[in-house]
>>> print(open('coords13.cif').read())   # mmCIF, C-alpha atoms
data_upload
loop_
_atom_site.group_PDB
_atom_site.id
_atom_site.type_symbol
_atom_site.label_atom_id
_atom_site.label_comp_id
_atom_site.auth_asym_id
_atom_site.auth_seq_id
_atom_site.Cartn_x
_atom_site.Cartn_y
_atom_site.Cartn_z
ATOM 1 C CA MET A 27 5.008 6.221 17.253
ATOM 2 C CA HIS A 28 3.950 9.833 16.992
ATOM 3 C CA LYS A 29 0.539 10.385 18.529
ATOM 4 C CA TRP A 30 -0.935 11.656 15.253
ATOM 5 C CA LEU A 31 0.160 8.503 13.442
ATOM 6 C CA ILE A 32 -1.539 6.592 16.221
ATOM 7 C CA LEU A 33 -4.638 8.689 15.686
ATOM 8 C CA ALA A 34 -4.606 7.861 11.996
ATOM 9 C CA ALA A 35 -4.608 4.180 12.908
ATOM 10 C CA LEU A 36 -7.263 4.582 15.564
ATOM 11 C CA SER A 37 -9.476 6.426 13.155
ATOM 12 C CA GLY A 38 -10.140 3.107 11.433
ATOM 13 C CA LEU A 39 -12.497 2.133 14.242
ATOM 14 C CA ALA A 40 -12.799 -1.315 12.692
ATOM 15 C CA ALA A 41 -12.353 -1.359 8.981
ATOM 16 C CA CYS A 42 -12.838 -5.070 9.563
ATOM 17 C CA SER A 43 -16.143 -6.160 11.048
ATOM 18 C CA ASP A 44 -16.196 -8.220 14.212
ATOM 19 C CA GLY A 45 -19.427 -9.919 13.188
ATOM 20 C CA GLU A 46 -21.101 -9.191 16.508
ATOM 21 C CA THR A 47 -23.934 -7.269 14.933
ATOM 22 C CA ALA A 48 -25.169 -7.586 11.370
ATOM 23 C CA PRO A 49 -25.623 -4.228 9.632
ATOM 24 C CA ASN A 50 -29.405 -4.592 9.586
ATOM 25 C CA ALA A 51 -29.858 -6.383 12.879
ATOM 26 C CA ILE A 52 -32.073 -4.997 15.602
ATOM 27 C CA PRO A 53 -29.613 -3.918 18.323
ATOM 28 C CA GLN A 54 -29.520 -6.043 21.436
ATOM 29 C CA ASP A 55 -29.870 -4.438 24.836
ATOM 30 C CA THR A 56 -26.695 -4.348 26.846
ATOM 31 C CA ALA A 57 -28.038 -5.880 30.010
ATOM 32 C CA ILE A 58 -25.078 -6.020 32.380
ATOM 33 C CA PRO A 59 -24.549 -9.277 34.275
ATOM 34 C CA ALA A 60 -25.039 -9.052 38.023
ATOM 35 C CA ALA A 61 -21.309 -9.159 38.666
ATOM 36 C CA ALA A 62 -20.724 -6.214 36.360
ATOM 37 C CA GLN A 63 -23.547 -4.250 37.963
ATOM 38 C CA ARG A 64 -21.863 -4.516 41.338
ATOM 39 C CA GLU A 65 -18.814 -2.545 40.290
ATOM 40 C CA THR A 66 -17.831 0.290 38.040
ATOM 41 C CA PRO A 67 -15.023 0.009 35.426
ATOM 42 C CA ASP A 68 -12.460 1.108 38.028
ATOM 43 C CA GLY A 69 -13.679 -1.479 40.531
ATOM 44 C CA ALA A 70 -15.384 0.897 42.972
ATOM 45 C CA LEU A 71 -18.699 -0.134 44.468
ATOM 46 C CA PRO A 72 -21.540 1.919 42.950
ATOM 47 C CA ALA A 73 -24.367 3.684 44.647
ATOM 48 C CA VAL A 74 -27.766 2.016 44.395
ATOM 49 C CA PRO A 75 -29.529 3.522 41.336
ATOM 50 C CA ASN A 76 -32.511 5.684 42.204
ATOM 51 C CA GLY A 77 -35.727 6.423 40.315
ATOM 52 C CA ARG A 78 -37.085 4.910 37.138
ATOM 53 C CA GLU A 79 -34.944 3.321 34.440
ATOM 54 C CA ILE A 80 -33.668 5.714 31.768
ATOM 55 C CA GLN A 81 -33.126 4.413 28.242
ATOM 56 C CA VAL A 82 -29.946 5.579 26.453
ATOM 57 C CA LEU A 83 -29.146 4.618 22.852
ATOM 58 C CA ALA A 84 -25.433 4.211 22.002
ATOM 59 C CA PHE A 85 -25.359 4.526 18.202
ATOM 60 C CA GLY A 86 -22.020 4.230 16.442
ATOM 61 C CA ASP A 87 -19.267 2.017 15.052
ATOM 62 C CA SER A 88 -16.790 -0.443 16.573
ATOM 63 C CA LEU A 89 -15.724 1.850 19.408
ATOM 64 C CA LEU A 90 -19.247 1.533 20.781
ATOM 65 C CA ALA A 91 -19.898 -1.996 19.532
ATOM 66 C CA GLY A 92 -16.940 -3.348 21.531
ATOM 67 C CA TYR A 93 -14.764 -4.951 18.874
ATOM 68 C CA ASN A 94 -13.133 -8.176 20.119
ATOM 69 C CA LEU A 95 -14.582 -7.687 23.618
ATOM 70 C CA PRO A 96 -17.454 -9.335 25.511
ATOM 71 C CA ARG A 97 -20.545 -7.134 25.277
ATOM 72 C CA SER A 98 -20.307 -6.663 29.044
ATOM 73 C CA ASP A 99 -16.951 -4.894 28.512
ATOM 74 C CA ALA A 100 -18.072 -2.690 25.612
ATOM 75 C CA TYR A 101 -18.545 1.047 26.036
ATOM 76 C CA PRO A 102 -22.358 0.936 26.475
ATOM 77 C CA ALA A 103 -22.133 -1.633 29.271
ATOM 78 C CA GLN A 104 -19.304 0.147 31.077
ATOM 79 C CA LEU A 105 -21.058 3.499 30.675
ATOM 80 C CA GLU A 106 -24.216 1.984 32.137
ATOM 81 C CA ALA A 107 -22.255 0.781 35.161
ATOM 82 C CA ALA A 108 -20.661 4.216 35.584
ATOM 83 C CA LEU A 109 -24.037 5.962 35.399
ATOM 84 C CA ARG A 110 -25.467 3.564 37.973
ATOM 85 C CA ALA A 111 -22.505 4.305 40.204
ATOM 86 C CA ARG A 112 -23.724 7.904 40.206
ATOM 87 C CA GLY A 113 -27.215 6.859 41.179
ATOM 88 C CA ILE A 114 -28.645 7.089 37.655
ATOM 89 C CA ASP A 115 -30.774 4.069 36.808
ATOM 90 C CA ALA A 116 -29.770 3.919 33.140
ATOM 91 C CA ARG A 117 -29.986 1.152 30.571
ATOM 92 C CA VAL A 118 -27.588 1.791 27.690
ATOM 93 C CA ILE A 119 -28.516 0.000 24.464
ATOM 94 C CA ASN A 120 -25.601 -1.112 22.269
ATOM 95 C CA ALA A 121 -26.420 -0.144 18.676
ATOM 96 C CA GLY A 122 -22.814 -0.084 17.477
ATOM 97 C CA VAL A 123 -21.775 -1.826 14.257
ATOM 98 C CA SER A 124 -18.113 -2.318 13.409
ATOM 99 C CA GLY A 125 -16.939 -0.736 10.171
ATOM 100 C CA ASP A 126 -19.858 1.663 9.830
ATOM 101 C CA THR A 127 -19.277 4.925 8.013
ATOM 102 C CA THR A 128 -21.585 7.892 8.519
ATOM 103 C CA ALA A 129 -23.489 6.777 5.412
ATOM 104 C CA ALA A 130 -24.008 3.277 6.810
ATOM 105 C CA GLY A 131 -25.142 4.697 10.132
ATOM 106 C CA LEU A 132 -27.665 6.970 8.464
ATOM 107 C CA GLN A 133 -28.924 4.100 6.353
ATOM 108 C CA ARG A 134 -29.776 1.957 9.376
ATOM 109 C CA LEU A 135 -30.950 4.673 11.761
ATOM 110 C CA ASP A 136 -34.676 4.313 11.077
ATOM 111 C CA PHE A 137 -34.382 0.542 11.421
ATOM 112 C CA VAL A 138 -32.677 0.939 14.794
ATOM 113 C CA LEU A 139 -35.263 3.399 16.096
ATOM 114 C CA ASP A 140 -38.156 1.249 14.865
ATOM 115 C CA GLY A 141 -36.660 -1.786 16.608
ATOM 116 C CA LEU A 142 -36.568 -0.226 20.063
ATOM 117 C CA GLU A 143 -39.240 -1.122 22.586
ATOM 118 C CA GLN A 144 -39.497 2.506 23.670
ATOM 119 C CA LYS A 145 -38.091 5.865 22.640
ATOM 120 C CA PRO A 146 -34.746 6.527 24.353
ATOM 121 C CA ALA A 147 -34.345 9.538 26.596
ATOM 122 C CA LEU A 148 -30.935 10.213 25.044
ATOM 123 C CA ALA A 149 -28.804 9.117 22.087
ATOM 124 C CA ILE A 150 -25.010 8.984 21.990
ATOM 125 C CA VAL A 151 -23.899 9.411 18.365
ATOM 126 C CA GLU A 152 -20.378 8.275 17.386
ATOM 127 C CA PHE A 153 -19.415 8.137 13.703
ATOM 128 C CA GLY A 154 -16.802 9.518 11.324
ATOM 129 C CA GLY A 155 -13.640 7.514 11.966
ATOM 130 C CA ASN A 156 -14.212 5.146 9.080
ATOM 131 C CA ASP A 157 -14.949 8.076 6.779
ATOM 132 C CA LEU A 158 -11.620 9.549 7.876
ATOM 133 C CA LEU A 159 -9.738 6.276 7.342
ATOM 134 C CA ARG A 160 -11.118 5.939 3.819
ATOM 135 C CA GLY A 161 -10.507 9.559 2.933
ATOM 136 C CA LEU A 162 -14.185 10.180 2.268
ATOM 137 C CA SER A 163 -15.421 13.715 1.761
ATOM 138 C CA PRO A 164 -15.812 15.729 4.991
ATOM 139 C CA SER A 165 -18.826 17.448 3.461
ATOM 140 C CA LEU A 166 -20.462 14.069 2.883
ATOM 141 C CA ALA A 167 -19.706 12.989 6.451
ATOM 142 C CA ARG A 168 -21.167 16.245 7.687
ATOM 143 C CA ASP A 169 -24.318 15.820 5.599
ATOM 144 C CA ASN A 170 -24.810 12.281 6.909
ATOM 145 C CA LEU A 171 -24.299 13.295 10.527
ATOM 146 C CA ASP A 172 -26.543 16.310 10.018
ATOM 147 C CA ALA A 173 -29.292 14.029 8.717
ATOM 148 C CA MET A 174 -28.873 11.685 11.698
ATOM 149 C CA LEU A 175 -29.121 14.545 14.178
ATOM 150 C CA ALA A 176 -32.133 15.968 12.346
ATOM 151 C CA ARG A 177 -33.819 12.570 12.656
ATOM 152 C CA PHE A 178 -33.188 12.469 16.394
ATOM 153 C CA ALA A 179 -34.492 16.029 16.657
ATOM 154 C CA GLU A 180 -37.690 14.959 14.866
ATOM 155 C CA GLU A 181 -38.181 12.347 17.576
ATOM 156 C CA ASP A 182 -37.317 14.902 20.279
ATOM 157 C CA ILE A 183 -34.386 12.762 21.437
ATOM 158 C CA PRO A 184 -31.456 14.758 22.927
ATOM 159 C CA VAL A 185 -28.011 13.831 21.626
ATOM 160 C CA VAL A 186 -24.432 13.656 22.882
ATOM 161 C CA ILE A 187 -21.966 13.823 19.975
ATOM 162 C CA MET A 188 -18.673 11.955 20.218
ATOM 163 C CA GLY A 189 -16.150 13.887 18.152
ATOM 164 C CA ILE A 190 -12.758 13.030 16.666
ATOM 165 C CA GLU A 191 -10.087 15.002 14.831
ATOM 166 C CA ALA A 192 -8.235 14.298 11.593
ATOM 167 C CA PRO A 193 -4.428 13.953 11.846
ATOM 168 C CA PRO A 194 -2.054 16.399 10.131
ATOM 169 C CA SER A 195 -1.275 13.734 7.523
ATOM 170 C CA ALA A 196 -4.785 14.239 6.148
ATOM 171 C CA GLY A 197 -3.797 17.689 4.913
ATOM 172 C CA SER A 198 -4.626 21.115 6.260
ATOM 173 C CA GLU A 199 -7.773 21.708 4.205
ATOM 174 C CA TYR A 200 -9.181 18.241 4.898
ATOM 175 C CA ARG A 201 -8.448 18.718 8.605
ATOM 176 C CA ARG A 202 -10.080 22.135 8.641
ATOM 177 C CA GLN A 203 -13.270 20.778 7.090
ATOM 178 C CA PHE A 204 -13.387 17.521 9.039
ATOM 179 C CA ASN A 205 -12.544 18.940 12.475
ATOM 180 C CA ALA A 206 -15.241 21.583 12.129
ATOM 181 C CA ILE A 207 -18.012 19.001 11.677
ATOM 182 C CA TYR A 208 -18.597 18.081 15.304
ATOM 183 C CA PRO A 209 -18.572 21.468 17.051
ATOM 184 C CA GLU A 210 -20.657 23.050 14.286
ATOM 185 C CA LEU A 211 -23.310 20.332 14.403
ATOM 186 C CA ALA A 212 -23.303 20.353 18.202
ATOM 187 C CA GLU A 213 -24.066 24.065 18.097
ATOM 188 C CA LYS A 214 -26.706 23.654 15.387
ATOM 189 C CA TYR A 215 -28.622 21.022 17.338
ATOM 190 C CA ASP A 216 -27.806 22.294 20.836
ATOM 191 C CA ALA A 217 -26.144 18.951 21.549
ATOM 192 C CA ALA A 218 -23.507 18.098 24.138
ATOM 193 C CA LEU A 219 -20.093 17.400 22.601
ATOM 194 C CA VAL A 220 -17.112 15.297 23.660
ATOM 195 C CA PRO A 221 -14.472 16.803 21.325
ATOM 196 C CA MET A 222 -11.939 13.938 21.265
ATOM 197 C CA PHE A 223 -13.327 10.895 23.005
ATOM 198 C CA ILE A 224 -10.489 8.565 21.936
ATOM 199 C CA ALA A 225 -7.838 10.771 23.571
ATOM 200 C CA PRO A 226 -6.954 8.180 26.281
ATOM 201 C CA LEU A 227 -6.102 5.626 23.581
ATOM 202 C CA ILE A 228 -3.680 8.024 21.939
ATOM 203 C CA GLU A 229 -2.007 9.000 25.189
ATOM 204 C CA ASP A 230 -1.583 5.465 26.597
ATOM 205 C CA ARG A 231 -0.893 2.643 24.136
ATOM 206 C CA THR A 232 -1.376 -0.027 26.821
ATOM 207 C CA LEU A 233 -5.104 0.732 26.501
ATOM 208 C CA VAL A 234 -5.185 -0.499 22.887
ATOM 209 C CA GLN A 235 -5.495 -4.058 21.608
ATOM 210 C CA ALA A 236 -2.773 -5.763 19.569
ATOM 211 C CA ASP A 237 -4.375 -4.529 16.344
ATOM 212 C CA GLN A 238 -3.291 -1.010 17.381
ATOM 213 C CA ILE A 239 -6.795 0.278 16.725
ATOM 214 C CA HIS A 240 -9.364 -0.885 19.256
ATOM 215 C CA PRO A 241 -9.476 -0.322 23.008
ATOM 216 C CA THR A 242 -8.986 -3.034 25.571
ATOM 217 C CA ARG A 243 -11.441 -3.339 28.458
ATOM 218 C CA ASN A 244 -9.293 -0.849 30.361
ATOM 219 C CA GLY A 245 -9.191 1.367 27.300
ATOM 220 C CA VAL A 246 -12.974 1.433 27.239
ATOM 221 C CA ALA A 247 -12.967 2.252 30.951
ATOM 222 C CA ALA A 248 -10.656 5.206 30.245
ATOM 223 C CA MET A 249 -13.025 6.421 27.523
ATOM 224 C CA VAL A 250 -15.925 6.168 29.953
ATOM 225 C CA SER A 251 -13.964 8.133 32.562
ATOM 226 C CA LEU A 252 -13.289 10.845 30.001
ATOM 227 C CA THR A 253 -16.903 11.107 28.831
ATOM 228 C CA ILE A 254 -19.007 10.428 31.931
ATOM 229 C CA ASP A 255 -18.918 14.024 33.212
ATOM 230 C CA THR A 256 -20.404 15.216 29.922
ATOM 231 C CA ILE A 257 -22.939 12.428 29.535
ATOM 232 C CA ALA A 258 -24.294 12.039 33.085
ATOM 233 C CA PRO A 259 -25.800 15.558 33.374
ATOM 234 C CA VAL A 260 -27.434 15.184 29.955
ATOM 235 C CA VAL A 261 -28.948 11.848 30.967
ATOM 236 C CA GLN A 262 -30.329 13.389 34.150
ATOM 237 C CA LYS A 263 -31.726 16.394 32.277
ATOM 238 C CA ALA A 264 -33.312 14.142 29.639
ATOM 239 C CA ALA A 265 -34.910 11.988 32.329
ATOM 240 C CA VAL A 266 -36.474 15.033 33.994
ATOM 241 C CA ALA A 267 -37.772 16.308 30.656
ATOM 242 C CA GLU A 268 -39.549 13.037 29.811
#
>>> encode(input="coords13.cif", output="structure tokens")
Amino acid sequence: MHKWLILAALSGLAACSDGETAPNAIPQDTAIPAAAQRETPDGALPAVPNGREIQVLAFGDSLLAGYNLPRSDAYPAQLEAALRARGIDARVINAGVSGDTTAAGLQRLDFVLDGLEQKPALAIVEFGGNDLLRGLSPSLARDNLDAMLARFAEEDIPVVIMGIEAPPSAGSEYRRQFNAIYPELAEKYDAALVPMFIAPLIEDRTLVQADQIHPTRNGVAAMVSLTIDTIAPVVQKAAVAE
């Protein structure tokens, strides 16, 4: 299958809901079991985390929620383990909901923030795939993401944006508008950007579940490996700024 057809499938990011988290549920913390804390996604023994615990909010759809995976294998949990392996005492909160569009994410953002015990030092924002799958307006997706980022800015919470790209089958004008969303908003809000965080899933189909959409545990680990070098410095900078 051509990689752009694969991307079109991956862009669904869970049109079906896994039922792990109700749309209006207060997100549960992704406390990693002791066994998971002892090793990173690639199996290497981590360094002992130093300093105080840093709160990171992972806010997105099924690619963060961990569709069809134990919560300990989802992206927030594996990212937490990878950060701890670098000596960063992070706790990554899983606020992913399968099937969420940008509109659904914006709708529940205040509820999520109000439900947290303390303000996070950093937010990872990952939306847009379901908008792409449903052919929703790029301008609407942009407006929704813009409003989310403005809300985080109001709370003085730094953001890492997880970007995706529309496939050629979406049409040149749609692609032009959609693909511009993430870098333009990253520049507007001075946010760190991962341009194509699902790239490992497109390049290696063994990292994708049988539904041809969602990552396996190893697929999540590959996504963490791709994104950790962008996220770790931002987490450290946010911790110092607190």
>>> resolve_selection(input="coords13.cif", expression="the PyMOL selection byres ((chain A and resi 177-194) around 9)", output="PyMOL selection string")
chain A and resi 30-31+33-34+37+135-136+145-155+158+172-176+195-198+200-202+204-209+211-212+215-225+253+256-257+260-261+264
>>> atom_distance(input="coords13.cif", atom1="CA of Asn156 (chain A)", atom2="CA of Gln133 (chain A)")
15.0 Å
>>> atom_distance(input="coords13.cif", atom1="CA of Leu162 (chain A)", atom2="CA of Leu95 (chain A)")
27.8 Å
>>> resolve_selection(input="coords13.cif", expression="the PyMOL selection byres ((chain A and resi 91) around 7)", output="list in words")
Asp87, Ser88, Leu89, Leu90, Gly92, Tyr93, Ala100, Asn120, Ala121, Gly122, Val123 and Ser124 of chain A
>>> write_last_selection(input="coords13.cif", atoms="C-alpha atoms", output="PDB file, in the coordinates of the input")
ATOM      1  CA  ASP A  87     -19.267   2.017  15.052  1.00  0.00           C
ATOM      2  CA  SER A  88     -16.790  -0.443  16.573  1.00  0.00           C
ATOM      3  CA  LEU A  89     -15.724   1.850  19.408  1.00  0.00           C
ATOM      4  CA  LEU A  90     -19.247   1.533  20.781  1.00  0.00           C
ATOM      5  CA  GLY A  92     -16.940  -3.348  21.531  1.00  0.00           C
ATOM      6  CA  TYR A  93     -14.764  -4.951  18.874  1.00  0.00           C
ATOM      7  CA  ALA A 100     -18.072  -2.690  25.612  1.00  0.00           C
ATOM      8  CA  ASN A 120     -25.601  -1.112  22.269  1.00  0.00           C
ATOM      9  CA  ALA A 121     -26.420  -0.144  18.676  1.00  0.00           C
ATOM     10  CA  GLY A 122     -22.814  -0.084  17.477  1.00  0.00           C
ATOM     11  CA  VAL A 123     -21.775  -1.826  14.257  1.00  0.00           C
ATOM     12  CA  SER A 124     -18.113  -2.318  13.409  1.00  0.00           C
TER      13      SER A 124
END
>>> atom_distance(input="coords13.cif", atom1="CA of Ala130 (chain A)", atom2="CA of Leu142 (chain A)")
18.6 Å
>>> residues_around(input="coords13.cif", residues="Ala258 (chain A)", least_positions_apart="5", cutoff="10 Å", atoms="only C-alpha atoms", output="PyMOL selection string")
chain A and resi 105+108-110+112+114+116+253+263-264
>>> closest_residue(input="coords13.cif", among="A:Glu79, A:Asp230, A:Asp140, A:Glu213", to="Val118 (chain A)", atoms="all atoms listed in the file")
A:Glu79
>>> resolve_selection(input="coords13.cif", expression="the PyMOL selection byres ((chain A and resi 246) around 10)", output="ChimeraX atom specification")
/A:67,89-90,92,95,99-105,224,226-227,233-234,240-245,247-252
>>> closest_residue(input="coords13.cif", among="A:Leu166, A:Ala267, A:Leu139, A:Leu132", to="Ile80 (chain A)", atoms="all atoms listed in the file")
A:Ala267
